[in-house]
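Here the structure comes first, spelled out in structure tokens, and everything after it is commentary.
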Amino acid sequence: MTITAADVKKLRELTGVGMMDCKKALQEANGDLEAAVDILRKKGQKVAEKRAAREANEGLVVAALSGNGKKGALLELNCETDFVARNEEFRQLAEAIARIVLEKAPQNTDALQDVEFAEGRSVEQTLVEATGKIGEKIVARRFALLESEDGQIVAYIHPGSRLGVLVDMYGNGQVEDAGTDVAMQVAAMNPVATTREDVPESVKEKELEIARESARNEGKPDHIIDRIATGKLERYYKDHVLVEQPFVKDSSMSVKAMLQKAGAGVRRFVRFALGE
């Protein structure tokens with residue numbers, strides 16, 4: 001059977017696989033398009049099985065936002081090399097999966113695998129096929145969803161797409177601009193919580209105990225050790241709590257002061273750094 005260029009093009013559009021591999025699959029399937037699709041999927045599965053034990057520590061962090069700005073998704077898609085991560089096709093795959101996370105809101109990464117990607121193919125099948133085509137292990141490592149009923153979700157992806165942030169903002173002022181500033185602050189300073197009330201009690205106790213032990217080792221009198229520890233905890237808040245940190249664009253004010261000036265506030269954030 002003669003395999004036409006139109007046949008090869010159609011199979012490529014269905015699978016995204018290279019022209020030569022599409023032609024070989026059609027020849028093997030005697031021109032049967034559905035059989036050729038199955039052949040390419042099986043090939044992808046075999047490659048995926050071979051690559052299963054490989055480390056996938058490179059990749060991209062991407063975001064997707066709803067049209068009304070009320071919902072946002074952050075996704076980390078991993079591969080084996082930076083070369084593949086910089087490929088436009090890999091980026092398109094990451095962004096497509098982020099949109100699926102946004103629209104379908106799966107409970108976890110296992111549930112994401114079963115969500116339909118396109119044309120009856122699940123996300124898992126799509127990743128297997130992409131592994132077969134690219135030749136590297138590809139894994140949707142993690143994702144996060146934020147939704148705001150009365151505010152706005154703002155996203156920031158640092159150049160290079162190895163670091164991304166979502167922030168849940170509210171207010172009647174310059175919410176989007178302030179949200180971008182807050183997201184960049186989170187990216188740069190990696191706070192542990194939005195407010196001091198959000199810091200886990202276990203973390204507070206750990207910091208207090210470290211401060212007490214340090215004071216004892218320095219020979220401080222017992223009656224002032226707790227006061228010293230409390231003072232160091234206050235410093236911890238300033239360094240690690242988002243709204244209490246010095247604003248990176250103007251260290252003369254805190255993030256809280258910047259937000260008050262902008263007529264905005266922040267409820268929570270999500271930060272993904274590639275591989276962390």
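Every chain in the structure tokens has a letter given in the order shown (A, B, ...), and although residue numbers restart at 1 in each chain, ligands are simply numbered from 1 in the order shown.
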
With only C-alpha atoms counted and 9 Å as the cut-off, give the residues of range 26-88 of chain A in contact with range 148-170 of chain A, each with its shortest interatomic distance in Å and the pair that gives it, as a tab-separated table.
residue	atom	partner	partner_atom	distance
A:Glu58	CA	A:Arg162	CA	8.6
A:Gly59	CA	A:Arg162	CA	7.4
A:Leu60	CA	A:Ser161	CA	5.3
A:Val61	CA	A:Ser161	CA	5.2
A:Val62	CA	A:Ser161	CA	6.6
A:Ala63	CA	A:Ala155	CA	6.7
A:Ala64	CA	A:Ala155	CA	8.1
A:Leu65	CA	A:Ile153	CA	7.6
A:Ser66	CA	A:Ile153	CA	8.9
A:Asn68	CA	A:Gln152	CA	8.3
A:Gly69	CA	A:Gln152	CA	5.4
A:Lys70	CA	A:Gln152	CA	5.1
A:Lys71	CA	A:Ile153	CA	5.9
A:Gly72	CA	A:Ile153	CA	6.0
A:Ala73	CA	A:Leu166	CA	7.8
A:Leu74	CA	A:Leu166	CA	7.1
A:Leu75	CA	A:Gly164	CA	8.7
A:Glu76	CA	A:Arg162	CA	8.7
A:Arg86	CA	A:Gly160	CA	8.7

Those selected residues, please, written with C-alpha atoms and delivered as a compact mmCIF listing (two decimals), in the first residue's frame.
# COMPACT_ATOMS: atom_id res chain seq x y z
CA GLU A 58 14.70 19.30 34.97
CA GLY A 59 11.52 20.79 33.53
CA LEU A 60 9.25 23.80 33.80
CA VAL A 61 6.95 25.52 36.26
CA VAL A 62 3.94 27.02 34.47
CA ALA A 63 0.67 28.67 35.46
CA ALA A 64 -2.86 28.90 34.08
CA LEU A 65 -5.51 31.44 35.09
CA SER A 66 -9.26 31.49 34.52
CA ASN A 68 -12.23 36.05 35.37
CA GLY A 69 -9.05 35.79 37.42
CA LYS A 70 -10.81 33.94 40.23
CA LYS A 71 -8.92 30.67 39.83
CA GLY A 72 -5.32 29.72 39.11
CA ALA A 73 -3.26 26.56 38.66
CA LEU A 74 0.47 26.06 39.11
CA LEU A 75 2.16 22.97 37.64
CA GLU A 76 5.65 21.48 37.68
CA ARG A 86 13.69 24.44 26.64

Open item on the list: List as a ChimeraX atom specification the protein and nucleic acid residues near Ala96 in chain A, meaning an atom at most 9 Å away when only C-alpha atoms are counted, but skip any in the same chain fewer than 5 places from it.
Closed with: /A:64,91,101,117

Only C-alpha atoms, please: the residues just picked out, written as a PDB file, in the first residue's frame.
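Written output follows (part_12.pdb):
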ATOM      1  CA  ALA A  64      -2.858  28.896  34.080  1.00  0.00           C
ATOM      2  CA  ARG A  91       6.367  23.939  27.088  1.00  0.00           C
ATOM      3  CA  VAL A 101      -5.692  21.102  36.132  1.00  0.00           C
ATOM      4  CA  PHE A 117      -6.312  15.148  27.782  1.00  0.00           C
TER       5      PHE A 117
END

Backbone-only DSSP, strand (DSSP E or B) members of range 27-237 of chain A, as a PDB file with N, CA and C atoms, in the first residue's frame:
ATOM      1  N   GLU A  58      14.836  18.057  35.729  1.00  0.00           N
ATOM      2  CA  GLU A  58      14.702  19.304  34.971  1.00  0.00           C
ATOM      3  C   GLU A  58      13.230  19.513  34.626  1.00  0.00           C
ATOM      4  N   GLY A  59      12.918  20.572  33.921  1.00  0.00           N
ATOM      5  CA  GLY A  59      11.522  20.789  33.529  1.00  0.00           C
ATOM      6  C   GLY A  59      11.125  22.241  33.609  1.00  0.00           C
ATOM      7  N   LEU A  60       9.815  22.458  33.778  1.00  0.00           N
ATOM      8  CA  LEU A  60       9.255  23.802  33.799  1.00  0.00           C
ATOM      9  C   LEU A  60       8.216  23.938  34.903  1.00  0.00           C
ATOM     10  N   VAL A  61       8.078  25.153  35.402  1.00  0.00           N
ATOM     11  CA  VAL A  61       6.953  25.520  36.264  1.00  0.00           C
ATOM     12  C   VAL A  61       6.101  26.503  35.469  1.00  0.00           C
ATOM     13  N   VAL A  62       4.820  26.177  35.276  1.00  0.00           N
ATOM     14  CA  VAL A  62       3.937  27.016  34.473  1.00  0.00           C
ATOM     15  C   VAL A  62       2.644  27.285  35.241  1.00  0.00           C
ATOM     16  N   ALA A  63       1.923  28.303  34.809  1.00  0.00           N
ATOM     17  CA  ALA A  63       0.668  28.675  35.465  1.00  0.00           C
ATOM     18  C   ALA A  63      -0.438  28.811  34.429  1.00  0.00           C
ATOM     19  N   ALA A  64      -1.669  28.654  34.902  1.00  0.00           N
ATOM     20  CA  ALA A  64      -2.858  28.896  34.080  1.00  0.00           C
ATOM     21  C   ALA A  64      -3.871  29.630  34.942  1.00  0.00           C
ATOM     22  N   LEU A  65      -4.520  30.647  34.371  1.00  0.00           N
ATOM     23  CA  LEU A  65      -5.514  31.439  35.092  1.00  0.00           C
ATOM     24  C   LEU A  65      -6.845  31.409  34.360  1.00  0.00           C
ATOM     25  N   LYS A  71      -9.494  32.005  39.606  1.00  0.00           N
ATOM     26  CA  LYS A  71      -8.920  30.674  39.828  1.00  0.00           C
ATOM     27  C   LYS A  71      -7.580  30.568  39.103  1.00  0.00           C
ATOM     28  N   GLY A  72      -6.628  29.884  39.729  1.00  0.00           N
ATOM     29  CA  GLY A  72      -5.324  29.717  39.115  1.00  0.00           C
ATOM     30  C   GLY A  72      -4.740  28.355  39.418  1.00  0.00           C
ATOM     31  N   ALA A  73      -3.943  27.852  38.495  1.00  0.00           N
ATOM     32  CA  ALA A  73      -3.261  26.563  38.664  1.00  0.00           C
ATOM     33  C   ALA A  73      -1.773  26.760  38.445  1.00  0.00           C
ATOM     34  N   LEU A  74      -0.977  26.062  39.244  1.00  0.00           N
ATOM     35  CA  LEU A  74       0.475  26.062  39.113  1.00  0.00           C
ATOM     36  C   LEU A  74       0.920  24.619  38.946  1.00  0.00           C
ATOM     37  N   LEU A  75       1.758  24.341  37.957  1.00  0.00           N
ATOM     38  CA  LEU A  75       2.163  22.969  37.636  1.00  0.00           C
ATOM     39  C   LEU A  75       3.666  22.884  37.455  1.00  0.00           C
ATOM     40  N   GLU A  76       4.253  21.804  37.973  1.00  0.00           N
ATOM     41  CA  GLU A  76       5.649  21.476  37.682  1.00  0.00           C
ATOM     42  C   GLU A  76       5.673  20.214  36.837  1.00  0.00           C
ATOM     43  N   LEU A  77       6.171  20.343  35.610  1.00  0.00           N
ATOM     44  CA  LEU A  77       6.316  19.203  34.707  1.00  0.00           C
ATOM     45  C   LEU A  77       7.804  18.932  34.547  1.00  0.00           C
ATOM     46  N   ASN A  78       8.216  17.694  34.845  1.00  0.00           N
ATOM     47  CA  ASN A  78       9.637  17.348  34.849  1.00  0.00           C
ATOM     48  C   ASN A  78      10.051  16.513  33.640  1.00  0.00           C
ATOM     49  N   CYS A  79      11.304  16.673  33.262  1.00  0.00           N
ATOM     50  CA  CYS A  79      11.956  15.851  32.248  1.00  0.00           C
ATOM     51  C   CYS A  79      13.384  15.602  32.725  1.00  0.00           C
ATOM     52  N   GLU A 116      -9.060  13.173  31.087  1.00  0.00           N
ATOM     53  CA  GLU A 116      -8.943  13.172  29.631  1.00  0.00           C
ATOM     54  C   GLU A 116      -8.120  14.362  29.170  1.00  0.00           C
ATOM     55  N   PHE A 117      -7.153  14.096  28.336  1.00  0.00           N
ATOM     56  CA  PHE A 117      -6.312  15.148  27.782  1.00  0.00           C
ATOM     57  C   PHE A 117      -6.882  15.648  26.459  1.00  0.00           C
ATOM     58  N   ALA A 118      -7.079  14.719  25.516  1.00  0.00           N
ATOM     59  CA  ALA A 118      -7.644  15.069  24.209  1.00  0.00           C
ATOM     60  C   ALA A 118      -7.978  13.800  23.447  1.00  0.00           C
ATOM     61  N   ARG A 121      -7.752  10.384  24.944  1.00  0.00           N
ATOM     62  CA  ARG A 121      -6.491  10.024  25.593  1.00  0.00           C
ATOM     63  C   ARG A 121      -6.418  10.675  26.970  1.00  0.00           C
ATOM     64  N   SER A 122      -5.967   9.905  27.955  1.00  0.00           N
ATOM     65  CA  SER A 122      -5.795  10.446  29.295  1.00  0.00           C
ATOM     66  C   SER A 122      -4.481  11.218  29.378  1.00  0.00           C
ATOM     67  N   VAL A 139       7.274  13.606  33.711  1.00  0.00           N
ATOM     68  CA  VAL A 139       6.436  13.379  34.892  1.00  0.00           C
ATOM     69  C   VAL A 139       5.765  14.685  35.313  1.00  0.00           C
ATOM     70  N   ALA A 140       4.459  14.626  35.547  1.00  0.00           N
ATOM     71  CA  ALA A 140       3.756  15.744  36.174  1.00  0.00           C
ATOM     72  C   ALA A 140       3.969  15.595  37.678  1.00  0.00           C
ATOM     73  N   ARG A 141       4.960  16.291  38.205  1.00  0.00           N
ATOM     74  CA  ARG A 141       5.394  16.063  39.585  1.00  0.00           C
ATOM     75  C   ARG A 141       4.400  16.560  40.618  1.00  0.00           C
ATOM     76  N   ARG A 142       3.864  17.768  40.410  1.00  0.00           N
ATOM     77  CA  ARG A 142       2.951  18.347  41.398  1.00  0.00           C
ATOM     78  C   ARG A 142       2.174  19.496  40.769  1.00  0.00           C
ATOM     79  N   PHE A 143       1.078  19.841  41.407  1.00  0.00           N
ATOM     80  CA  PHE A 143       0.309  21.005  40.991  1.00  0.00           C
ATOM     81  C   PHE A 143      -0.396  21.584  42.201  1.00  0.00           C
ATOM     82  N   ALA A 144      -0.846  22.821  42.063  1.00  0.00           N
ATOM     83  CA  ALA A 144      -1.619  23.477  43.108  1.00  0.00           C
ATOM     84  C   ALA A 144      -2.717  24.293  42.460  1.00  0.00           C
ATOM     85  N   LEU A 145      -3.843  24.405  43.144  1.00  0.00           N
ATOM     86  CA  LEU A 145      -4.972  25.214  42.695  1.00  0.00           C
ATOM     87  C   LEU A 145      -5.315  26.238  43.763  1.00  0.00           C
ATOM     88  N   LEU A 146      -5.531  27.472  43.362  1.00  0.00           N
ATOM     89  CA  LEU A 146      -6.038  28.500  44.260  1.00  0.00           C
ATOM     90  C   LEU A 146      -7.302  29.087  43.652  1.00  0.00           C
ATOM     91  N   GLU A 147      -8.296  29.313  44.492  1.00  0.00           N
ATOM     92  CA  GLU A 147      -9.547  29.904  44.033  1.00  0.00           C
ATOM     93  C   GLU A 147      -9.962  30.988  45.015  1.00  0.00           C
ATOM     94  N   GLN A 152      -8.820  38.029  43.657  1.00  0.00           N
ATOM     95  CA  GLN A 152      -8.186  37.756  42.367  1.00  0.00           C
ATOM     96  C   GLN A 152      -6.925  36.924  42.579  1.00  0.00           C
ATOM     97  N   ILE A 153      -6.739  35.928  41.731  1.00  0.00           N
ATOM     98  CA  ILE A 153      -5.520  35.136  41.744  1.00  0.00           C
ATOM     99  C   ILE A 153      -4.537  35.749  40.755  1.00  0.00           C
ATOM    100  N   VAL A 154      -3.333  36.010  41.227  1.00  0.00           N
ATOM    101  CA  VAL A 154      -2.283  36.595  40.383  1.00  0.00           C
ATOM    102  C   VAL A 154      -1.138  35.599  40.289  1.00  0.00           C
ATOM    103  N   ALA A 155      -0.596  35.433  39.089  1.00  0.00           N
ATOM    104  CA  ALA A 155       0.503  34.488  38.857  1.00  0.00           C
ATOM    105  C   ALA A 155       1.770  35.231  38.480  1.00  0.00           C
ATOM    106  N   TYR A 156       2.894  34.667  38.887  1.00  0.00           N
ATOM    107  CA  TYR A 156       4.197  35.165  38.455  1.00  0.00           C
ATOM    108  C   TYR A 156       5.083  33.973  38.141  1.00  0.00           C
ATOM    109  N   ILE A 157       5.619  33.951  36.922  1.00  0.00           N
ATOM    110  CA  ILE A 157       6.591  32.933  36.523  1.00  0.00           C
ATOM    111  C   ILE A 157       7.912  33.631  36.271  1.00  0.00           C
ATOM    112  N   LEU A 163      10.720  28.698  38.404  1.00  0.00           N
ATOM    113  CA  LEU A 163      10.152  29.177  39.655  1.00  0.00           C
ATOM    114  C   LEU A 163       8.837  29.883  39.348  1.00  0.00           C
ATOM    115  N   GLY A 164       7.782  29.523  40.090  1.00  0.00           N
ATOM    116  CA  GLY A 164       6.486  30.133  39.856  1.00  0.00           C
ATOM    117  C   GLY A 164       5.728  30.343  41.151  1.00  0.00           C
ATOM    118  N   VAL A 165       4.843  31.346  41.150  1.00  0.00           N
ATOM    119  CA  VAL A 165       4.082  31.707  42.350  1.00  0.00           C
ATOM    120  C   VAL A 165       2.644  32.043  41.965  1.00  0.00           C
ATOM    121  N   LEU A 166       1.698  31.629  42.812  1.00  0.00           N
ATOM    122  CA  LEU A 166       0.317  32.095  42.760  1.00  0.00           C
ATOM    123  C   LEU A 166       0.014  32.800  44.068  1.00  0.00           C
ATOM    124  N   VAL A 167      -0.696  33.933  44.006  1.00  0.00           N
ATOM    125  CA  VAL A 167      -1.114  34.622  45.225  1.00  0.00           C
ATOM    126  C   VAL A 167      -2.608  34.920  45.148  1.00  0.00           C
ATOM    127  N   ASP A 168      -3.267  34.803  46.277  1.00  0.00           N
ATOM    128  CA  ASP A 168      -4.691  35.093  46.411  1.00  0.00           C
ATOM    129  C   ASP A 168      -4.820  36.500  46.989  1.00  0.00           C
ATOM    130  N   MET A 169      -5.252  37.449  46.156  1.00  0.00           N
ATOM    131  CA  MET A 169      -5.307  38.855  46.537  1.00  0.00           C
ATOM    132  C   MET A 169      -6.752  39.330  46.711  1.00  0.00           C
ATOM    133  N   TYR A 170      -6.895  40.417  47.464  1.00  0.00           N
ATOM    134  CA  TYR A 170      -8.218  41.037  47.618  1.00  0.00           C
ATOM    135  C   TYR A 170      -8.026  42.533  47.837  1.00  0.00           C
ATOM    136  N   GLY A 171      -9.142  43.293  47.806  1.00  0.00           N
ATOM    137  CA  GLY A 171      -9.075  44.732  48.061  1.00  0.00           C
ATOM    138  C   GLY A 171      -9.795  45.534  47.004  1.00  0.00           C
ATOM    139  N   ALA A 193       5.211  31.674  55.581  1.00  0.00           N
ATOM    140  CA  ALA A 193       3.775  31.858  55.827  1.00  0.00           C
ATOM    141  C   ALA A 193       3.383  33.270  55.429  1.00  0.00           C
TER     142      ALA A 193
END

Open item on the list: So, with only C-alpha atoms as the atoms that count, which of A:Met253, A:Ile138, A:Val203, A:Ala187 lies closest to Tyr236 in chain A?
Closed with: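 Using only C-alpha atoms, the shortest distance to Tyr236 in chain A belongs to A:Val203.
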
Open item on the list: So that I can check the surroundings of range 242-250 of chain A, please list as a list of chain:residue names every protein, DNA and RNA residue that reaches within 8 Å of it, counting only C-alpha atoms and ignoring chain neighbours fewer than 6 positions away.
Closed with: A:Gln185, A:Val186, A:Pro191, A:Val192, A:Ala193, A:Thr194, A:Thr195, A:Lys256, A:Met258
